[in-house]
>>> print(open('structure-v6.cif').read())   # mmCIF, C-alpha atoms; chains and numbers go by the auth columns
data_structure
loop_
_atom_site.group_PDB
_atom_site.id
_atom_site.type_symbol
_atom_site.label_atom_id
_atom_site.label_comp_id
_atom_site.label_asym_id
_atom_site.label_seq_id
_atom_site.Cartn_x
_atom_site.Cartn_y
_atom_site.Cartn_z
_atom_site.B_iso_or_equiv
_atom_site.auth_seq_id
_atom_site.auth_asym_id
ATOM 1 C CA MET A 1 -16.435 58.990 5.501 0.00 166 G
ATOM 2 C CA ARG A 2 -13.706 56.929 3.852 0.00 167 G
ATOM 3 C CA GLN A 3 -14.870 54.664 1.045 0.00 168 G
ATOM 4 C CA ILE A 4 -12.896 52.444 -1.289 0.00 169 G
ATOM 5 C CA VAL A 5 -14.489 51.565 -4.615 0.00 170 G
ATOM 6 C CA LEU A 6 -13.111 48.106 -5.401 0.00 171 G
ATOM 7 C CA ASP A 7 -13.171 45.626 -8.250 0.00 172 G
ATOM 8 C CA THR A 8 -11.276 42.442 -9.043 0.00 173 G
ATOM 9 C CA GLU A 9 -10.626 40.333 -12.103 0.00 174 G
ATOM 10 C CA THR A 10 -10.172 36.589 -11.761 0.00 175 G
ATOM 11 C CA THR A 11 -9.040 33.487 -13.663 0.00 176 G
ATOM 12 C CA GLY A 12 -12.627 32.190 -13.705 0.00 177 G
ATOM 13 C CA LEU A 13 -15.968 32.397 -11.972 0.00 178 G
ATOM 14 C CA SER A 14 -15.486 30.138 -8.940 0.00 179 G
ATOM 15 C CA TRP A 15 -12.939 30.480 -6.168 0.00 180 G
ATOM 16 C CA GLU A 16 -14.307 27.151 -4.873 0.00 181 G
ATOM 17 C CA LYS A 17 -12.854 25.500 -8.004 0.00 182 G
ATOM 18 C CA GLY A 18 -9.430 27.047 -7.478 0.00 183 G
ATOM 19 C CA ASN A 19 -9.808 30.204 -9.561 0.00 184 G
ATOM 20 C CA ARG A 20 -7.664 33.109 -8.382 0.00 185 G
ATOM 21 C CA VAL A 21 -7.562 36.900 -8.356 0.00 186 G
ATOM 22 C CA VAL A 22 -5.475 38.367 -11.194 0.00 187 G
ATOM 23 C CA GLU A 23 -6.166 42.090 -10.754 0.00 188 G
ATOM 24 C CA ILE A 24 -7.288 44.372 -7.926 0.00 189 G
ATOM 25 C CA GLY A 25 -8.380 47.950 -8.554 0.00 190 G
ATOM 26 C CA CYS A 26 -9.266 50.300 -5.670 0.00 191 G
ATOM 27 C CA ILE A 27 -9.988 54.028 -5.587 0.00 192 G
ATOM 28 C CA GLU A 28 -10.221 55.922 -2.310 0.00 193 G
ATOM 29 C CA TYR A 29 -12.933 58.520 -1.643 0.00 194 G
ATOM 30 C CA LEU A 30 -13.134 60.818 1.342 0.00 195 G
ATOM 31 C CA ASP A 31 -16.573 62.326 1.934 0.00 196 G
ATOM 32 C CA ARG A 32 -17.619 61.188 -1.563 0.00 197 G
ATOM 33 C CA ARG A 33 -14.697 62.914 -3.283 0.00 198 G
ATOM 34 C CA PRO A 34 -11.684 61.166 -4.840 0.00 199 G
ATOM 35 C CA SER A 35 -8.633 61.505 -2.593 0.00 200 G
ATOM 36 C CA GLY A 36 -6.167 60.727 -5.366 0.00 201 G
ATOM 37 C CA ARG A 37 -5.086 57.490 -3.666 0.00 202 G
ATOM 38 C CA VAL A 38 -5.349 54.337 -5.772 0.00 203 G
ATOM 39 C CA PHE A 39 -4.349 50.721 -5.232 0.00 204 G
ATOM 40 C CA HIS A 40 -3.939 48.828 -8.489 0.00 205 G
ATOM 41 C CA GLN A 41 -2.133 45.543 -8.896 0.00 206 G
ATOM 42 C CA TYR A 42 -1.942 42.726 -11.432 0.00 207 G
ATOM 43 C CA LEU A 43 -1.211 39.365 -9.807 0.00 208 G
ATOM 44 C CA ASN A 44 0.363 36.074 -10.778 0.00 209 G
ATOM 45 C CA PRO A 45 -2.454 33.552 -10.202 0.00 210 G
ATOM 46 C CA GLU A 46 -0.132 30.542 -10.365 0.00 211 G
ATOM 47 C CA ARG A 47 -2.494 28.985 -12.912 0.00 212 G
ATOM 48 C CA GLU A 48 -3.867 29.543 -16.393 0.00 213 G
ATOM 49 C CA MET A 49 -6.796 31.814 -17.120 0.00 214 G
ATOM 50 C CA GLU A 50 -10.037 30.086 -18.115 0.00 215 G
ATOM 51 C CA ALA A 51 -10.957 30.879 -21.725 0.00 216 G
ATOM 52 C CA GLY A 52 -14.010 32.960 -20.801 0.00 217 G
ATOM 53 C CA ALA A 53 -12.111 35.040 -18.247 0.00 218 G
ATOM 54 C CA ALA A 54 -9.235 35.629 -20.657 0.00 219 G
ATOM 55 C CA GLU A 55 -11.691 36.773 -23.320 0.00 220 G
ATOM 56 C CA VAL A 56 -13.512 39.176 -20.979 0.00 221 G
ATOM 57 C CA THR A 57 -10.353 40.710 -19.459 0.00 222 G
ATOM 58 C CA GLY A 58 -7.814 40.364 -22.261 0.00 223 G
ATOM 59 C CA LEU A 59 -5.350 39.048 -19.677 0.00 224 G
ATOM 60 C CA SER A 60 -3.140 36.037 -20.344 0.00 225 G
ATOM 61 C CA TRP A 61 -0.795 33.792 -18.423 0.00 226 G
ATOM 62 C CA SER A 62 2.156 35.228 -20.340 0.00 227 G
ATOM 63 C CA PHE A 63 1.239 38.753 -19.139 0.00 228 G
ATOM 64 C CA LEU A 64 0.589 37.665 -15.537 0.00 229 G
ATOM 65 C CA ALA A 65 3.493 35.207 -15.058 0.00 230 G
ATOM 66 C CA ASP A 66 6.000 37.823 -13.859 0.00 231 G
ATOM 67 C CA LYS A 67 3.559 39.749 -11.634 0.00 232 G
ATOM 68 C CA PRO A 68 3.710 39.495 -7.829 0.00 233 G
ATOM 69 C CA LEU A 69 1.784 36.845 -5.947 0.00 234 G
ATOM 70 C CA PHE A 70 -1.185 37.911 -3.813 0.00 235 G
ATOM 71 C CA ALA A 71 0.926 37.046 -0.751 0.00 236 G
ATOM 72 C CA ASP A 72 3.480 39.658 -1.856 0.00 237 G
ATOM 73 C CA VAL A 73 0.921 42.506 -1.907 0.00 238 G
ATOM 74 C CA ALA A 74 -1.533 41.360 0.783 0.00 239 G
ATOM 75 C CA ASP A 75 -0.159 43.616 3.536 0.00 240 G
ATOM 76 C CA ALA A 76 -0.232 46.725 1.317 0.00 241 G
ATOM 77 C CA PHE A 77 -3.742 45.878 0.126 0.00 242 G
ATOM 78 C CA LEU A 78 -5.049 45.335 3.656 0.00 243 G
ATOM 79 C CA ARG A 79 -3.459 48.593 4.824 0.00 244 G
ATOM 80 C CA PHE A 80 -5.119 50.419 1.918 0.00 245 G
ATOM 81 C CA ILE A 81 -8.634 49.156 2.735 0.00 246 G
ATOM 82 C CA ALA A 82 -8.293 49.178 6.549 0.00 247 G
ATOM 83 C CA GLY A 83 -11.263 50.781 8.273 0.00 248 G
ATOM 84 C CA ALA A 84 -12.967 51.858 5.041 0.00 249 G
ATOM 85 C CA GLU A 85 -16.360 51.053 3.616 0.00 250 G
ATOM 86 C CA LEU A 86 -15.776 49.017 0.454 0.00 251 G
ATOM 87 C CA VAL A 87 -18.144 49.837 -2.415 0.00 252 G
ATOM 88 C CA ILE A 88 -18.320 46.730 -4.626 0.00 253 G
ATOM 89 C CA HIS A 89 -20.707 45.662 -7.385 0.00 254 G
ATOM 90 C CA ASN A 90 -21.732 42.061 -6.698 0.00 255 G
ATOM 91 C CA ALA A 91 -19.690 42.048 -3.501 0.00 256 G
ATOM 92 C CA GLU A 92 -20.299 38.361 -2.791 0.00 257 G
ATOM 93 C CA PHE A 93 -18.177 37.504 -5.842 0.00 258 G
ATOM 94 C CA ASP A 94 -15.221 39.804 -5.128 0.00 259 G
ATOM 95 C CA VAL A 95 -15.209 39.268 -1.370 0.00 260 G
ATOM 96 C CA GLY A 96 -15.420 35.492 -1.861 0.00 261 G
ATOM 97 C CA PHE A 97 -12.305 35.585 -4.027 0.00 262 G
ATOM 98 C CA LEU A 98 -10.419 37.948 -1.728 0.00 263 G
ATOM 99 C CA ASP A 99 -11.308 35.880 1.332 0.00 264 G
ATOM 100 C CA ALA A 100 -10.059 32.762 -0.477 0.00 265 G
ATOM 101 C CA GLU A 101 -6.765 34.537 -1.225 0.00 266 G
ATOM 102 C CA LEU A 102 -6.456 35.610 2.417 0.00 267 G
ATOM 103 C CA ARG A 103 -7.020 32.010 3.573 0.00 268 G
ATOM 104 C CA ARG A 104 -4.085 30.866 1.401 0.00 269 G
ATOM 105 C CA LEU A 105 -1.637 33.132 3.210 0.00 270 G
ATOM 106 C CA PRO A 106 0.753 31.510 5.679 0.00 271 G
ATOM 107 C CA GLN A 107 -0.034 34.189 8.292 0.00 272 G
ATOM 108 C CA ALA A 108 -3.556 34.593 9.669 0.00 273 G
ATOM 109 C CA CYS A 109 -5.101 37.718 8.158 0.00 274 G
ATOM 110 C CA GLY A 110 -8.757 36.929 8.756 0.00 275 G
ATOM 111 C CA CYS A 111 -11.244 37.898 6.107 0.00 276 G
ATOM 112 C CA ILE A 112 -12.223 41.120 4.356 0.00 277 G
ATOM 113 C CA ALA A 113 -14.960 41.778 6.946 0.00 278 G
ATOM 114 C CA ASP A 114 -12.231 41.904 9.623 0.00 279 G
ATOM 115 C CA HIS A 115 -10.626 44.876 7.833 0.00 280 G
ATOM 116 C CA ALA A 116 -13.478 46.855 6.244 0.00 281 G
ATOM 117 C CA SER A 117 -17.247 47.026 5.901 0.00 282 G
ATOM 118 C CA VAL A 118 -18.868 46.264 2.548 0.00 283 G
ATOM 119 C CA LEU A 119 -21.618 48.007 0.594 0.00 284 G
ATOM 120 C CA ASP A 120 -22.919 45.933 -2.330 0.00 285 G
ATOM 121 C CA THR A 121 -24.080 48.195 -5.157 0.00 286 G
ATOM 122 C CA LEU A 122 -25.782 45.267 -6.915 0.00 287 G
ATOM 123 C CA LYS A 123 -28.087 44.817 -3.910 0.00 288 G
ATOM 124 C CA LEU A 124 -28.661 48.567 -3.807 0.00 289 G
ATOM 125 C CA ALA A 125 -29.479 48.638 -7.530 0.00 290 G
ATOM 126 C CA ARG A 126 -31.936 45.758 -7.150 0.00 291 G
ATOM 127 C CA GLU A 127 -33.742 47.750 -4.446 0.00 292 G
ATOM 128 C CA LEU A 128 -33.787 50.932 -6.540 0.00 293 G
ATOM 129 C CA TYR A 129 -34.583 49.269 -9.879 0.00 294 G
ATOM 130 C CA PRO A 130 -36.478 46.030 -9.161 0.00 295 G
ATOM 131 C CA GLY A 131 -37.022 43.721 -12.104 0.00 296 G
ATOM 132 C CA GLN A 132 -34.510 45.539 -14.292 0.00 297 G
ATOM 133 C CA ARG A 133 -31.046 44.561 -15.479 0.00 298 G
ATOM 134 C CA ASN A 134 -28.551 45.814 -12.932 0.00 299 G
ATOM 135 C CA SER A 135 -25.183 44.875 -14.385 0.00 300 G
ATOM 136 C CA LEU A 136 -22.549 47.609 -14.290 0.00 301 G
ATOM 137 C CA ASP A 137 -23.062 48.225 -18.026 0.00 302 G
ATOM 138 C CA ALA A 138 -26.855 48.432 -17.610 0.00 303 G
ATOM 139 C CA LEU A 139 -26.482 50.877 -14.721 0.00 304 G
ATOM 140 C CA CYS A 140 -24.044 53.015 -16.720 0.00 305 G
ATOM 141 C CA LYS A 141 -26.592 53.265 -19.511 0.00 306 G
ATOM 142 C CA ARG A 142 -29.522 53.948 -17.163 0.00 307 G
ATOM 143 C CA LEU A 143 -27.655 56.597 -15.169 0.00 308 G
ATOM 144 C CA GLY A 144 -25.850 58.309 -18.043 0.00 309 G
ATOM 145 C CA VAL A 145 -22.336 57.176 -17.112 0.00 310 G
ATOM 146 C CA ASP A 146 -20.156 57.051 -20.234 0.00 311 G
ATOM 147 C CA ASN A 147 -18.608 53.596 -20.581 0.00 312 G
ATOM 148 C CA GLN A 148 -17.989 53.587 -24.333 0.00 313 G
ATOM 149 C CA HIS A 149 -14.230 53.322 -23.728 0.00 314 G
ATOM 150 C CA ARG A 150 -14.779 50.001 -21.897 0.00 315 G
ATOM 151 C CA HIS A 151 -14.069 47.251 -24.407 0.00 316 G
ATOM 152 C CA ARG A 152 -12.853 44.723 -21.837 0.00 317 G
ATOM 153 C CA HIS A 153 -13.240 44.290 -18.102 0.00 318 G
ATOM 154 C CA GLY A 154 -10.428 45.729 -16.017 0.00 319 G
ATOM 155 C CA ALA A 155 -10.464 46.145 -12.256 0.00 320 G
ATOM 156 C CA LEU A 156 -9.367 49.780 -12.123 0.00 321 G
ATOM 157 C CA LEU A 157 -11.528 50.886 -15.064 0.00 322 G
ATOM 158 C CA ASP A 158 -14.545 49.084 -13.598 0.00 323 G
ATOM 159 C CA ALA A 159 -13.903 50.706 -10.195 0.00 324 G
ATOM 160 C CA GLU A 160 -13.875 54.126 -11.902 0.00 325 G
ATOM 161 C CA LEU A 161 -17.193 53.387 -13.623 0.00 326 G
ATOM 162 C CA LEU A 162 -18.671 52.002 -10.427 0.00 327 G
ATOM 163 C CA ALA A 163 -17.727 55.169 -8.550 0.00 328 G
ATOM 164 C CA ASP A 164 -19.750 57.265 -11.005 0.00 329 G
ATOM 165 C CA VAL A 165 -22.643 54.796 -10.881 0.00 330 G
ATOM 166 C CA TYR A 166 -22.645 54.680 -7.084 0.00 331 G
ATOM 167 C CA LEU A 167 -22.738 58.453 -6.724 0.00 332 G
ATOM 168 C CA ALA A 168 -25.484 58.710 -9.312 0.00 333 G
ATOM 169 C CA MET A 169 -27.538 56.034 -7.520 0.00 334 G
ATOM 170 C CA THR A 170 -27.108 57.568 -4.076 0.00 335 G
ATOM 171 C CA ARG A 171 -27.320 61.277 -4.820 0.00 336 G
ATOM 172 C CA GLY A 172 -28.586 61.485 -8.363 0.00 337 G
ATOM 173 C CA GLN A 173 -26.972 64.791 -9.287 0.00 338 G
ATOM 174 C CA ASP A 174 -23.235 64.252 -8.764 0.00 339 G
ATOM 175 C CA SER A 175 -20.767 62.579 -11.076 0.00 340 G
ATOM 176 C CA LEU A 176 -17.144 61.838 -10.255 0.00 341 G
ATOM 177 C CA GLU A 177 -14.414 62.838 -12.643 0.00 342 G
ATOM 178 C CA ILE A 178 -11.441 60.561 -12.125 0.00 343 G
#
>>> encode(input="structure-v6.cif", output="structure tokens")
Amino acid sequence: MRQIVLDTETTGLSWEKGNRVVEIGCIEYLDRRPSGRVFHQYLNPEREMEAGAAEVTGLSWSFLADKPLFADVADAFLRFIAGAELVIHNAEFDVGFLDAELRRLPQACGCIADHASVLDTLKLARELYPGQRNSLDALCKRLGVDNQHRHRHGALLDAELLADVYLAMTRGQDSLEI
């Protein structure tokens, strides 16, 4: 089975209000083992970061201004995820943003669901641990995944942590070393 653990960072919390994707981090797994293939890209959002998002990610307009637009990397991104099962924590958030980016493209690319299936680890965690905090940080602590090096949110770092959390939630005894 081919799975892609995916995370994004954005300029704010609402794609409906014009916020954009600023970072995509994806790690490929084949039969629950890292393949060594990674897709990681910072993006020019064509707008300023909201203060809260800038604080959480440490990203700024000055850092992002010379990065490619989503349109410039969309084909490579879609090829990377094609046919895979995407493993995403709070998938509604990330998929909503990615679908909004796909709708902005001049060519019709459909939506994420047209390219890959999605497994939401937040929904899975809520089933496994009802009534408990199920943020990525809370799951790391509960499942013994070391996240002490995580001082800010970053798409690739969060995808690495999520991979360990996902394997721990679904098999209990395995941990991924990335």
>>> resolve_selection(input="structure-v6.cif", expression="the PyMOL selection byres ((chain G and resi 167-178) around 6)", output="PyMOL selection string")
chain G and resi 166+179+184-195+214-215+218+249-253+320+324
>>> resolve_selection(input="structure-v6.cif", expression="the PyMOL selection byres ((chain G and resi 240-248) around 6)", output="list in words")
Val238, Ala239, Ala249, His280 and Ala281 of chain G
>>> write_last_selection(input="structure-v6.cif", atoms="C-alpha atoms", output="mmCIF file, keeping the file's coordinate frame")
data_model
loop_
_atom_site.group_PDB
_atom_site.id
_atom_site.type_symbol
_atom_site.label_atom_id
_atom_site.label_comp_id
_atom_site.auth_asym_id
_atom_site.auth_seq_id
_atom_site.Cartn_x
_atom_site.Cartn_y
_atom_site.Cartn_z
ATOM 1 C CA VAL G 238 0.921 42.506 -1.907
ATOM 2 C CA ALA G 239 -1.533 41.360 0.783
ATOM 3 C CA ALA G 249 -12.967 51.858 5.041
ATOM 4 C CA HIS G 280 -10.626 44.876 7.833
ATOM 5 C CA ALA G 281 -13.478 46.855 6.244
#
>>> closest_residue(input="structure-v6.cif", among="G:Val221, G:Leu208, G:Leu327, G:Met334", to="Glu292 of chain G", atoms="only C-alpha atoms")
G:Met334
>>> closest_residue(input="structure-v6.cif", among="G:Ala328, G:Leu304, G:Leu263, G:Ala256", to="Gly275 of chain G", atoms="all atoms listed in the file")
G:Leu263
>>> axis_aligned_box(input="structure-v6.cif", around="segment 207-215 of chain G", padding_each_side="4 Å", output="AutoDock Vina command-line options")
--center_x -4.8 --center_y 35.9 --center_z -14.0 --size_x 18.4 --size_y 21.7 --size_z 16.3
>>> closest_residue(input="structure-v6.cif", among="G:Tyr294, G:Trp180, G:Phe262, G:Tyr207", to="Gly319 of chain G", atoms="all atoms listed in the file")
G:Tyr207
>>> atom_distance(input="structure-v6.cif", atom1="atom CA of Ala216 of chain G", atom2="atom CA of Ala230 of chain G")
16.5 Å
>>> build_atoms(input="structure-v6.cif", residues="segment 167-193 of chain G", atoms="N, CA, C and O atoms", output="CSV table (one decimal), in the coordinates of the input")
chain,number,residue,atom,x,y,z
G,167,ARG,N,-14.7,57.5,4.8
G,167,ARG,CA,-13.7,56.9,3.9
G,167,ARG,C,-14.3,55.7,3.2
G,167,ARG,O,-14.7,54.8,3.8
G,168,GLN,N,-14.4,55.8,1.8
G,168,GLN,CA,-14.9,54.7,1.0
G,168,GLN,C,-13.8,54.3,0.0
G,168,GLN,O,-13.1,55.1,-0.5
G,169,ILE,N,-13.8,53.0,-0.3
G,169,ILE,CA,-12.9,52.4,-1.3
G,169,ILE,C,-13.8,51.7,-2.3
G,169,ILE,O,-14.5,50.8,-2.0
G,170,VAL,N,-13.8,52.2,-3.5
G,170,VAL,CA,-14.5,51.6,-4.6
G,170,VAL,C,-13.5,50.5,-5.1
G,170,VAL,O,-12.4,50.8,-5.5
G,171,LEU,N,-14.0,49.2,-5.2
G,171,LEU,CA,-13.1,48.1,-5.4
G,171,LEU,C,-13.7,47.2,-6.5
G,171,LEU,O,-14.9,47.0,-6.5
G,172,ASP,N,-12.8,46.7,-7.3
G,172,ASP,CA,-13.2,45.6,-8.2
G,172,ASP,C,-12.0,44.7,-8.4
G,172,ASP,O,-10.8,45.0,-8.2
G,173,THR,N,-12.3,43.4,-8.8
G,173,THR,CA,-11.3,42.4,-9.0
G,173,THR,C,-11.5,41.8,-10.4
G,173,THR,O,-12.7,41.8,-10.9
G,174,GLU,N,-10.5,41.2,-11.0
G,174,GLU,CA,-10.6,40.3,-12.1
G,174,GLU,C,-10.0,39.0,-11.7
G,174,GLU,O,-9.1,39.0,-10.8
G,175,THR,N,-10.5,37.9,-12.2
G,175,THR,CA,-10.2,36.6,-11.8
G,175,THR,C,-9.9,35.6,-12.9
G,175,THR,O,-10.2,36.0,-14.1
G,176,THR,N,-9.3,34.5,-12.6
G,176,THR,CA,-9.0,33.5,-13.7
G,176,THR,C,-10.3,32.7,-14.1
G,176,THR,O,-10.3,32.0,-15.1
G,177,GLY,N,-11.4,32.9,-13.4
G,177,GLY,CA,-12.6,32.2,-13.7
G,177,GLY,C,-13.7,32.6,-12.7
G,177,GLY,O,-13.5,33.6,-12.0
G,178,LEU,N,-14.8,31.9,-12.7
G,178,LEU,CA,-16.0,32.4,-12.0
G,178,LEU,C,-16.1,31.8,-10.6
G,178,LEU,O,-17.0,32.2,-9.8
G,179,SER,N,-15.3,30.8,-10.2
G,179,SER,CA,-15.5,30.1,-8.9
G,179,SER,C,-14.2,30.0,-8.1
G,179,SER,O,-13.3,29.2,-8.5
G,180,TRP,N,-14.1,30.7,-7.0
G,180,TRP,CA,-12.9,30.5,-6.2
G,180,TRP,C,-13.0,29.1,-5.6
G,180,TRP,O,-11.9,28.5,-5.3
G,181,GLU,N,-14.2,28.5,-5.4
G,181,GLU,CA,-14.3,27.2,-4.9
G,181,GLU,C,-13.6,26.1,-5.8
G,181,GLU,O,-13.2,25.1,-5.3
G,182,LYS,N,-13.5,26.4,-7.1
G,182,LYS,CA,-12.9,25.5,-8.0
G,182,LYS,C,-11.4,25.9,-8.3
G,182,LYS,O,-10.8,25.4,-9.2
G,183,GLY,N,-10.8,26.7,-7.4
G,183,GLY,CA,-9.4,27.0,-7.5
G,183,GLY,C,-9.1,28.3,-8.3
G,183,GLY,O,-7.9,28.5,-8.6
G,184,ASN,N,-10.1,29.0,-8.8
G,184,ASN,CA,-9.8,30.2,-9.6
G,184,ASN,C,-9.2,31.2,-8.6
G,184,ASN,O,-9.5,31.2,-7.4
G,185,ARG,N,-8.4,32.2,-9.2
G,185,ARG,CA,-7.7,33.1,-8.4
G,185,ARG,C,-7.9,34.5,-8.9
G,185,ARG,O,-8.3,34.8,-10.0
G,186,VAL,N,-7.5,35.5,-8.0
G,186,VAL,CA,-7.6,36.9,-8.4
G,186,VAL,C,-6.3,37.2,-9.2
G,186,VAL,O,-5.2,36.8,-8.9
G,187,VAL,N,-6.6,38.0,-10.3
G,187,VAL,CA,-5.5,38.4,-11.2
G,187,VAL,C,-5.3,39.9,-11.2
G,187,VAL,O,-4.3,40.4,-11.7
G,188,GLU,N,-6.3,40.6,-10.8
G,188,GLU,CA,-6.2,42.1,-10.8
G,188,GLU,C,-7.1,42.7,-9.7
G,188,GLU,O,-8.2,42.2,-9.5
G,189,ILE,N,-6.5,43.6,-8.9
G,189,ILE,CA,-7.3,44.4,-7.9
G,189,ILE,C,-7.2,45.8,-8.3
G,189,ILE,O,-6.1,46.4,-8.5
G,190,GLY,N,-8.3,46.5,-8.3
G,190,GLY,CA,-8.4,48.0,-8.6
G,190,GLY,C,-9.2,48.6,-7.5
G,190,GLY,O,-10.3,48.2,-7.2
G,191,CYS,N,-8.6,49.6,-6.8
G,191,CYS,CA,-9.3,50.3,-5.7
G,191,CYS,C,-9.0,51.8,-5.8
G,191,CYS,O,-7.9,52.2,-6.1
G,192,ILE,N,-10.1,52.6,-5.6
G,192,ILE,CA,-10.0,54.0,-5.6
G,192,ILE,C,-10.6,54.5,-4.3
G,192,ILE,O,-11.7,54.2,-3.9
G,193,GLU,N,-9.8,55.4,-3.6
G,193,GLU,CA,-10.2,55.9,-2.3
G,193,GLU,C,-11.0,57.2,-2.5
G,193,GLU,O,-10.6,58.1,-3.3
